[in-house]
>>> print(open('input.cif').read())   # mmCIF, C-alpha atoms
data_target
#
loop_
_atom_site.label_atom_id
_atom_site.label_comp_id
_atom_site.auth_asym_id
_atom_site.auth_seq_id
_atom_site.Cartn_x
_atom_site.Cartn_y
_atom_site.Cartn_z
CA MET A 1 -48.17 131.77 67.10
CA ARG A 2 -50.82 131.99 69.78
CA GLU A 3 -54.31 131.40 68.47
CA ASP A 4 -55.92 133.36 71.30
CA ARG A 5 -54.44 136.63 69.96
CA PRO A 6 -55.37 138.42 66.71
CA LEU A 7 -53.14 137.65 63.73
CA ILE A 8 -51.96 140.83 61.99
CA LEU A 9 -50.38 140.59 58.53
CA LEU A 10 -47.94 143.43 57.77
CA THR A 11 -46.69 144.29 54.30
CA ASN A 12 -45.64 147.33 52.27
CA ASP A 13 -44.28 148.43 48.90
CA ASP A 14 -41.01 150.03 50.07
CA GLY A 15 -39.37 146.72 50.90
CA VAL A 16 -39.00 144.51 53.94
CA HIS A 17 -36.13 146.61 55.34
CA SER A 18 -38.05 149.89 55.23
CA PRO A 19 -37.96 151.92 58.47
CA GLY A 20 -41.66 152.61 57.94
CA LEU A 21 -42.45 148.90 58.17
CA ALA A 22 -40.30 148.59 61.30
CA ALA A 23 -42.12 151.52 62.91
CA LEU A 24 -45.45 149.93 62.05
CA CYS A 25 -44.41 146.60 63.53
CA GLU A 26 -43.21 148.20 66.74
CA ALA A 27 -46.52 150.10 67.08
CA VAL A 28 -48.92 147.21 66.50
CA ALA A 29 -47.00 144.25 67.96
CA PRO A 30 -48.66 144.70 71.38
CA LEU A 31 -52.07 144.19 69.73
CA GLY A 32 -51.56 140.62 68.50
CA GLU A 33 -49.35 138.13 66.70
CA VAL A 34 -47.51 139.80 63.82
CA LEU A 35 -46.72 138.13 60.49
CA ILE A 36 -44.48 140.18 58.18
CA ALA A 37 -44.44 139.31 54.47
CA ALA A 38 -43.00 142.16 52.43
CA PRO A 39 -41.15 142.67 49.14
CA ALA A 40 -37.45 141.89 49.05
CA THR A 41 -36.84 145.10 47.09
CA GLN A 42 -38.44 148.50 46.48
CA GLN A 43 -41.80 148.06 44.74
CA THR A 44 -43.21 151.59 44.79
CA SER A 45 -45.93 152.30 42.21
CA THR A 46 -46.41 148.66 41.22
CA GLY A 47 -50.13 148.83 41.96
CA ARG A 48 -51.80 145.45 42.22
CA SER A 49 -49.50 143.79 39.72
CA TYR A 50 -48.49 140.14 39.81
CA PRO A 51 -45.26 140.04 37.75
CA ARG A 52 -43.82 136.77 36.52
CA GLY A 53 -40.18 135.82 36.14
CA PRO A 54 -37.54 133.23 37.05
CA GLU A 55 -36.90 134.75 40.49
CA TRP A 56 -40.43 135.72 41.46
CA GLY A 57 -42.04 133.91 44.35
CA LYS A 58 -38.85 133.17 46.26
CA ILE A 59 -39.34 133.50 50.03
CA GLN A 60 -36.54 133.97 52.53
CA ALA A 61 -36.98 133.84 56.30
CA ILE A 62 -35.11 136.75 57.89
CA SER A 63 -35.02 138.65 61.19
CA LEU A 64 -35.72 142.34 61.65
CA PRO A 65 -34.31 144.33 64.58
CA MET A 66 -36.81 145.72 67.08
CA PRO A 67 -36.23 147.59 70.35
CA TRP A 68 -36.91 144.36 72.29
CA GLY A 69 -34.80 142.11 70.04
CA GLU A 70 -35.27 140.53 66.64
CA ILE A 71 -38.59 139.55 65.07
CA PRO A 72 -39.01 136.94 62.32
CA ALA A 73 -40.15 138.14 58.91
CA PHE A 74 -40.39 136.91 55.34
CA SER A 75 -38.64 138.62 52.45
CA VAL A 76 -40.60 137.82 49.29
CA THR A 77 -39.38 138.36 45.74
CA ALA A 78 -42.75 139.64 44.62
CA SER A 79 -44.96 142.67 44.25
CA PRO A 80 -46.84 143.96 47.32
CA ALA A 81 -50.09 142.32 46.19
CA ALA A 82 -48.31 139.02 45.57
CA CYS A 83 -46.67 139.27 49.00
CA VAL A 84 -50.14 139.35 50.51
CA GLY A 85 -51.07 136.32 48.43
CA HIS A 86 -48.03 134.37 49.64
CA GLY A 87 -48.60 135.57 53.18
CA VAL A 88 -52.23 134.48 53.35
CA LEU A 89 -52.00 131.27 51.32
CA GLU A 90 -48.56 129.96 52.33
CA LEU A 91 -47.20 131.62 55.45
CA ALA A 92 -50.14 132.38 57.75
CA PRO A 93 -51.23 129.55 60.09
CA ARG A 94 -54.79 130.85 59.79
CA LYS A 95 -56.67 133.69 58.12
CA PRO A 96 -55.33 137.03 59.42
CA ASP A 97 -57.71 139.15 61.46
CA LEU A 98 -56.22 142.34 60.05
CA CYS A 99 -53.81 143.39 57.31
CA ILE A 100 -51.86 146.65 57.41
CA SER A 101 -49.93 147.90 54.38
CA GLY A 102 -47.34 150.57 55.20
CA ILE A 103 -46.13 152.77 56.63
CA ASN A 104 -45.45 154.17 53.18
CA TYR A 105 -42.91 156.82 52.26
CA GLY A 106 -45.19 159.46 50.75
CA GLU A 107 -48.89 160.16 50.51
CA ASN A 108 -51.35 157.94 48.68
CA LEU A 109 -54.06 160.43 47.82
CA GLY A 110 -56.54 160.97 45.02
CA LYS A 111 -55.58 159.32 41.73
CA THR A 112 -52.36 158.02 43.27
CA LEU A 113 -54.38 155.03 44.47
CA THR A 114 -54.60 153.71 40.92
CA TYR A 115 -50.88 152.85 40.88
CA SER A 116 -49.96 152.70 44.57
CA GLY A 117 -48.25 149.47 45.61
CA THR A 118 -49.32 150.16 49.18
CA PHE A 119 -52.94 150.29 48.10
CA GLY A 120 -52.50 147.36 45.71
CA ALA A 121 -51.52 145.18 48.67
CA ALA A 122 -54.55 146.46 50.57
CA LEU A 123 -56.84 145.56 47.68
CA GLN A 124 -55.44 142.04 47.60
CA ALA A 125 -55.97 141.58 51.33
CA ALA A 126 -59.51 142.91 51.07
CA ASP A 127 -60.24 140.36 48.35
CA PHE A 128 -59.31 137.64 50.85
CA GLY A 129 -61.98 139.08 53.14
CA ILE A 130 -59.46 140.59 55.56
CA PRO A 131 -60.16 144.03 57.11
CA THR A 132 -57.34 146.21 55.86
CA LEU A 133 -55.56 149.47 56.58
CA ALA A 134 -53.31 151.24 54.08
CA VAL A 135 -51.15 153.72 56.01
CA SER A 136 -48.96 156.40 54.42
CA ARG A 137 -46.88 159.29 55.69
CA ALA A 138 -46.43 162.54 53.77
CA THR A 139 -42.91 163.37 52.64
CA SER A 140 -41.07 164.96 49.72
CA TYR A 141 -41.05 163.42 46.25
CA GLU A 142 -37.28 162.89 46.45
CA GLN A 143 -37.65 160.79 49.60
CA ILE A 144 -40.30 158.54 48.08
CA ARG A 145 -38.09 156.82 45.52
CA GLY A 146 -34.63 157.27 46.95
CA ASP A 147 -32.77 155.44 49.66
CA TYR A 148 -34.56 155.09 52.98
CA ALA A 149 -34.62 158.63 54.33
CA GLN A 150 -34.53 159.25 58.06
CA LEU A 151 -38.03 160.35 59.03
CA ASP A 152 -39.98 160.76 62.24
CA TRP A 153 -42.50 157.91 62.06
CA SER A 154 -44.02 158.47 65.51
CA SER A 155 -47.27 160.18 64.48
CA ALA A 156 -47.94 157.73 61.63
CA ALA A 157 -47.11 154.76 63.88
CA ARG A 158 -49.44 155.96 66.64
CA THR A 159 -52.15 156.53 64.04
CA ALA A 160 -51.72 153.02 62.66
CA ALA A 161 -51.92 151.53 66.15
CA TYR A 162 -55.02 153.58 66.99
CA TRP A 163 -56.91 152.36 63.92
CA ALA A 164 -55.62 148.81 64.19
CA GLN A 165 -56.89 148.57 67.75
CA ARG A 166 -60.21 150.13 66.77
CA VAL A 167 -60.76 147.81 63.81
CA LEU A 168 -59.77 144.72 65.80
CA ARG A 169 -62.25 145.74 68.48
CA GLU A 170 -65.15 147.07 66.40
CA GLY A 171 -64.55 145.82 62.86
CA LEU A 172 -65.11 148.01 59.81
CA ALA A 173 -68.39 149.76 59.05
CA PRO A 174 -70.82 147.79 56.85
CA GLY A 175 -69.65 147.77 53.24
CA VAL A 176 -66.19 149.11 54.06
CA ARG A 177 -63.23 146.83 53.29
CA ILE A 178 -60.27 149.22 53.40
CA LEU A 179 -59.36 152.36 55.34
CA ASN A 180 -56.87 154.45 53.39
CA ILE A 181 -55.07 156.51 56.02
CA ASN A 182 -52.71 159.38 55.23
CA VAL A 183 -50.76 161.21 57.90
CA PRO A 184 -49.33 164.70 57.24
CA GLU A 185 -45.82 165.74 58.14
CA GLY A 186 -45.25 166.99 61.68
CA THR A 187 -46.69 165.91 65.00
CA VAL A 188 -50.40 165.14 64.88
CA ASP A 189 -52.85 163.54 67.31
CA PRO A 190 -54.08 160.16 65.97
CA GLN A 191 -57.59 161.06 67.05
CA SER A 192 -57.45 164.36 65.13
CA TYR A 193 -58.60 163.00 61.80
CA ARG A 194 -61.13 163.71 59.08
CA VAL A 195 -63.22 161.14 57.23
CA THR A 196 -62.72 161.97 53.56
CA LYS A 197 -63.37 160.93 49.98
CA PRO A 198 -60.69 160.32 47.34
CA SER A 199 -59.85 163.44 45.36
CA SER A 200 -60.41 163.32 41.61
CA HIS A 201 -57.03 165.02 41.16
CA ASP A 202 -53.47 163.77 41.14
CA LEU A 203 -50.69 164.90 43.47
CA PHE A 204 -47.74 163.71 41.35
CA PHE A 205 -46.91 164.59 37.77
CA TYR A 206 -44.26 163.40 35.33
CA GLY A 207 -42.36 165.77 33.07
CA LYS A 208 -40.72 165.51 29.69
CA PRO A 209 -37.11 164.31 29.97
CA GLY A 210 -34.31 165.91 28.03
CA PRO A 211 -32.27 164.24 25.29
CA ARG A 212 -30.85 160.91 26.38
CA ASP A 213 -29.45 157.59 25.24
CA PHE A 214 -32.48 155.30 24.85
CA SER A 215 -30.31 152.26 25.52
CA GLN A 216 -29.75 153.43 29.11
CA PRO A 217 -32.28 153.00 31.93
CA MET A 218 -34.05 156.04 33.37
CA CYS A 219 -37.14 157.09 35.27
CA LEU A 220 -39.35 159.89 34.02
CA PRO A 221 -38.76 163.02 36.13
CA GLY A 222 -41.58 163.64 38.56
CA GLU A 223 -42.71 166.23 41.06
CA LYS A 224 -45.47 167.09 43.47
CA ARG A 225 -47.53 169.77 41.76
CA THR A 226 -51.19 170.53 42.41
CA ASP A 227 -53.40 173.60 42.18
CA PHE A 228 -54.99 173.32 45.60
CA SER A 229 -57.60 175.93 44.71
CA GLN A 230 -59.16 173.20 42.54
CA ILE A 231 -59.07 170.46 45.19
CA GLU A 232 -62.36 169.32 46.71
CA PRO A 233 -62.66 170.48 50.38
CA GLU A 234 -64.08 167.11 51.44
CA SER A 235 -61.25 165.16 49.83
CA ASP A 236 -58.28 163.27 51.22
CA MET A 237 -55.86 165.59 49.44
CA TYR A 238 -57.37 168.73 50.94
CA ALA A 239 -57.29 167.29 54.46
CA VAL A 240 -53.60 166.31 54.32
CA CYS A 241 -52.07 168.91 52.03
CA VAL A 242 -54.12 172.00 52.86
CA ASP A 243 -55.40 171.57 56.41
CA GLY A 244 -52.62 169.30 57.69
CA VAL A 245 -54.92 166.76 59.35
CA ILE A 246 -55.04 162.97 59.12
CA SER A 247 -57.22 161.69 56.30
CA VAL A 248 -59.18 158.47 56.77
CA THR A 249 -60.93 157.32 53.61
CA PRO A 250 -63.32 154.35 53.91
CA LEU A 251 -63.36 152.33 50.69
CA THR A 252 -65.32 149.35 49.46
CA GLY A 253 -62.40 147.89 47.52
CA ASN A 254 -64.39 148.48 44.34
CA PHE A 255 -63.14 152.05 43.91
CA GLU A 256 -66.18 153.43 45.68
CA SER A 257 -66.10 155.61 48.76
CA LEU A 258 -68.64 155.47 51.53
CA ASP A 259 -69.72 158.24 53.90
CA CYS A 260 -69.46 156.61 57.32
CA ARG A 261 -69.89 159.71 59.44
#
>>> encode(input="input.cif", output="structure tokens")
Amino acid sequence: MREDRPLILLTNDDGVHSPGLAALCEAVAPLGEVLIAAPATQQTSTGRSYPRGPEWGKIQAISLPMPWGEIPAFSVTASPAACVGHGVLELAPRKPDLCISGINYGENLGKTLTYSGTFGAALQAADFGIPTLAVSRATSYEQIRGDYAQLDWSSAARTAAYWAQRVLREGLAPGVRILNINVPEGTVDPQSYRVTKPSSHDLFFYGKPGPRDFSQPMCLPGEKRTDFSQIEPESDMYAVCVDGVISVTPLTGNFESLDCR
């Protein structure tokens, strides 16, 4: 890797083969040297966990297809946060200048941040003193946890590149360690954004399952369900879900929001 170019660490929680990660890589590769260290498998909603087990911590060098050819990457049997740890402490030739977690299938808004694997990776990077972006794209609940759905990543990718370039050039505002960026569905201009605060509400809810065999695996049924009349107008959720604009939420990494306008 060239030391005269910024080093950008890419990770996610959807897995190293996620189309969202590929779209992110394609968008930001012109800005510097890219190091990809992402989970080997789907790790949605794992927060900032560091699981332990006989297979955890295994790292496999792989190649990911890009329009210009293949790019090296690392598939890590680990949570998103642990992937960042392995990336910074074992795989990076020097401290990354920027970390980007995403592009995530589904919004990370309001209380979702408390269990988001995308945001958990961002928190870990911020603790290493690395300016960090967490980038998510709105989609349906069914597409969040299922197989990789075919989505148009262009608006989210352009948004990620816009903020990556801006942070590499200007840095983050004083006190800010993470920008949590959420892009609505549809075509949006990366520069058409709103600086927001995290909503105090949740976007996703789990329901009561019906009778079942407890010896069999299952996931609690969930859905997107929010009374938007109760959502704060200055919040991330209102910007994305009501007004359909990009939400950019500056965070300290200590679950505090800052007004940087």
>>> resolve_selection(input="input.cif", expression="the PyMOL selection byres ((chain A and resi 221) around 10)", output="number ranges by chain")
A: 205-210, 218-220, 222-223
>>> write_last_selection(input="input.cif", atoms="C-alpha atoms", output="short mmCIF file (atom, residue, chain, number, x, y, z; two decimals), keeping the file's coordinate frame")
data_model
loop_
_atom_site.label_atom_id
_atom_site.label_comp_id
_atom_site.auth_asym_id
_atom_site.auth_seq_id
_atom_site.Cartn_x
_atom_site.Cartn_y
_atom_site.Cartn_z
CA PHE A 205 -46.91 164.59 37.77
CA TYR A 206 -44.26 163.40 35.33
CA GLY A 207 -42.36 165.77 33.07
CA LYS A 208 -40.72 165.51 29.69
CA PRO A 209 -37.11 164.31 29.97
CA GLY A 210 -34.31 165.91 28.03
CA MET A 218 -34.05 156.04 33.37
CA CYS A 219 -37.14 157.09 35.27
CA LEU A 220 -39.35 159.89 34.02
CA GLY A 222 -41.58 163.64 38.56
CA GLU A 223 -42.71 166.23 41.06
#
>>> residues_around(input="input.cif", residues="Leu151 of chain A", least_positions_apart="4", cutoff="12 Å", atoms="all atoms listed in the file", output="NGL selection string")
:A and (18-20 or 23 or 103-106 or 137-140 or 143-144 or 147 or 155-157 or 185-187)
>>> atom_distance(input="input.cif", atom1="atom CA of Ser116 of chain A", atom2="atom CA of Asp189 of chain A")
25.4 Å
>>> resolve_selection(input="input.cif", expression="the PyMOL selection byres ((chain A and resi 248) around 6)", output="mmCIF file with C-alpha atoms, in the frame of the given file")
data_model
loop_
_atom_site.group_PDB
_atom_site.id
_atom_site.type_symbol
_atom_site.label_atom_id
_atom_site.label_comp_id
_atom_site.auth_asym_id
_atom_site.auth_seq_id
_atom_site.Cartn_x
_atom_site.Cartn_y
_atom_site.Cartn_z
ATOM 1 C CA ASN A 180 -56.870 154.450 53.390
ATOM 2 C CA ILE A 181 -55.070 156.510 56.020
ATOM 3 C CA VAL A 195 -63.220 161.140 57.230
ATOM 4 C CA THR A 196 -62.720 161.970 53.560
ATOM 5 C CA SER A 247 -57.220 161.690 56.300
ATOM 6 C CA THR A 249 -60.930 157.320 53.610
#
>>> resolve_selection(input="input.cif", expression="the PyMOL selection byres ((chain A and resi 201) around 10)", output="list in words")
Leu109, Gly110, Lys111, Thr112, Pro198, Ser199, Ser200, Asp202, Leu203, Phe204, Thr226, Asp227, Phe228, Gln230, Ile231, Glu232, Ser235 and Met237 of chain A
>>> atom_distance(input="input.cif", atom1="atom CA of Pro96 of chain A", atom2="atom CA of Ser79 of chain A")
19.2 Å
>>> residues_around(input="input.cif", residues="Ala125 of chain A", least_positions_apart="4", cutoff="10 Å", atoms="all atoms listed in the file", output="PDB file with C-alpha atoms, in the coordinates of the input")
ATOM      1  CA  LEU A   9     -50.380 140.590  58.530  1.00  0.00           C
ATOM      2  CA  ALA A  81     -50.090 142.320  46.190  1.00  0.00           C
ATOM      3  CA  ALA A  82     -48.310 139.020  45.570  1.00  0.00           C
ATOM      4  CA  CYS A  83     -46.670 139.270  49.000  1.00  0.00           C
ATOM      5  CA  VAL A  84     -50.140 139.350  50.510  1.00  0.00           C
ATOM      6  CA  GLY A  85     -51.070 136.320  48.430  1.00  0.00           C
ATOM      7  CA  GLY A  87     -48.600 135.570  53.180  1.00  0.00           C
ATOM      8  CA  VAL A  88     -52.230 134.480  53.350  1.00  0.00           C
ATOM      9  CA  PRO A  96     -55.330 137.030  59.420  1.00  0.00           C
ATOM     10  CA  LEU A  98     -56.220 142.340  60.050  1.00  0.00           C
ATOM     11  CA  CYS A  99     -53.810 143.390  57.310  1.00  0.00           C
ATOM     12  CA  ILE A 100     -51.860 146.650  57.410  1.00  0.00           C
ATOM     13  CA  SER A 101     -49.930 147.900  54.380  1.00  0.00           C
ATOM     14  CA  PHE A 119     -52.940 150.290  48.100  1.00  0.00           C
ATOM     15  CA  GLY A 120     -52.500 147.360  45.710  1.00  0.00           C
ATOM     16  CA  ALA A 121     -51.520 145.180  48.670  1.00  0.00           C
ATOM     17  CA  GLY A 129     -61.980 139.080  53.140  1.00  0.00           C
ATOM     18  CA  ILE A 130     -59.460 140.590  55.560  1.00  0.00           C
ATOM     19  CA  PRO A 131     -60.160 144.030  57.110  1.00  0.00           C
ATOM     20  CA  THR A 132     -57.340 146.210  55.860  1.00  0.00           C
ATOM     21  CA  LEU A 133     -55.560 149.470  56.580  1.00  0.00           C
ATOM     22  CA  ARG A 177     -63.230 146.830  53.290  1.00  0.00           C
ATOM     23  CA  ILE A 178     -60.270 149.220  53.400  1.00  0.00           C
ATOM     24  CA  GLY A 253     -62.400 147.890  47.520  1.00  0.00           C
TER      25      GLY A 253
END
>>> atom_distance(input="input.cif", atom1="atom CA of Ala239 of chain A", atom2="atom CA of Val188 of chain A")
12.7 Å
>>> closest_residue(input="input.cif", among="A:Asp127, A:Pro184, A:Pro93, A:His86", to="Asp152 of chain A", atoms="all atoms listed in the file")
A:Pro184
>>> closest_residue(input="input.cif", among="A:Gly117, A:Pro250, A:Pro65, A:Gly244", to="Leu179 of chain A", atoms="all atoms listed in the file")
A:Pro250
>>> closest_residue(input="input.cif", among="A:Asp97, A:Glu70, A:Asp236, A:Glu90", to="Arg5 of chain A", atoms="all atoms listed in the file")
A:Asp97
>>> closest_residue(input="input.cif", among="A:Gln150, A:Ser63, A:Thr77, A:Thr118", to="Asn12 of chain A", atoms="all atoms listed in the file")
A:Thr118
>>> residues_around(input="input.cif", residues="segment 24-33 of chain A", least_positions_apart="3", cutoff="9 Å", atoms="all atoms listed in the file", output="number ranges by chain")
A: 1-10, 19-21, 36, 66-67, 100, 102-103, 153-154, 156-158, 160-162, 164-165, 168
>>> decode(input="input.cif", residues="segment 202-261 of chain A", atoms="C-alpha atoms", output="short mmCIF file (atom, residue, chain, number, x, y, z; two decimals), in the first residue's frame")
data_model
loop_
_atom_site.label_atom_id
_atom_site.label_comp_id
_atom_site.auth_asym_id
_atom_site.auth_seq_id
_atom_site.Cartn_x
_atom_site.Cartn_y
_atom_site.Cartn_z
CA ASP A 202 -37.51 2.87 17.64
CA LEU A 203 -38.24 2.01 14.02
CA PHE A 204 -38.38 -1.78 14.42
CA PHE A 205 -40.55 -3.83 16.73
CA TYR A 206 -40.75 -7.53 17.56
CA GLY A 207 -44.04 -9.36 17.92
CA LYS A 208 -45.23 -12.36 19.87
CA PRO A 209 -44.65 -15.60 17.96
CA GLY A 210 -47.28 -18.29 17.72
CA PRO A 211 -47.03 -21.78 19.21
CA ARG A 212 -43.83 -23.53 18.24
CA ASP A 213 -41.39 -26.29 19.09
CA PHE A 214 -38.89 -24.70 21.50
CA SER A 215 -36.22 -27.19 20.41
CA GLN A 216 -36.18 -25.62 16.93
CA PRO A 217 -34.38 -22.37 16.05
CA MET A 218 -36.39 -19.27 15.20
CA CYS A 219 -36.17 -15.49 15.08
CA LEU A 220 -38.80 -13.33 16.72
CA PRO A 221 -41.07 -11.83 14.04
CA GLY A 222 -40.33 -8.18 13.44
CA GLU A 223 -41.67 -5.26 11.46
CA LYS A 224 -41.17 -1.59 10.79
CA ARG A 225 -43.87 0.20 12.74
CA THR A 226 -43.71 3.77 14.02
CA ASP A 227 -46.24 6.49 14.76
CA PHE A 228 -44.54 9.28 12.87
CA SER A 229 -46.80 11.88 14.46
CA GLN A 230 -44.75 11.29 17.63
CA ILE A 231 -41.33 11.54 15.96
CA GLU A 232 -39.19 14.59 16.71
CA PRO A 233 -38.96 16.89 13.62
CA GLU A 234 -35.23 17.46 14.19
CA SER A 235 -34.47 13.74 14.39
CA ASP A 236 -32.76 11.32 12.05
CA MET A 237 -35.94 9.25 11.75
CA TYR A 238 -38.07 12.20 10.69
CA ALA A 239 -35.55 13.29 8.05
CA VAL A 240 -35.33 9.85 6.39
CA CYS A 241 -38.78 8.38 6.92
CA VAL A 242 -40.99 11.46 6.71
CA ASP A 243 -39.16 14.01 4.57
CA GLY A 244 -37.11 11.56 2.49
CA VAL A 245 -33.80 13.40 2.87
CA ILE A 246 -30.36 12.16 3.90
CA SER A 247 -29.76 12.25 7.64
CA VAL A 248 -26.29 13.05 8.95
CA THR A 249 -26.00 12.67 12.71
CA PRO A 250 -22.73 13.82 14.35
CA LEU A 251 -21.96 11.72 17.42
CA THR A 252 -19.29 11.80 20.08
CA GLY A 253 -19.10 8.03 20.41
CA ASN A 254 -20.39 8.41 23.96
CA PHE A 255 -24.06 8.33 22.92
CA GLU A 256 -24.20 12.11 22.82
CA SER A 257 -25.18 14.17 19.81
CA LEU A 258 -23.66 17.49 18.92
CA ASP A 259 -25.22 20.37 16.99
CA CYS A 260 -22.59 21.19 14.37
CA ARG A 261 -24.65 23.53 12.23
#
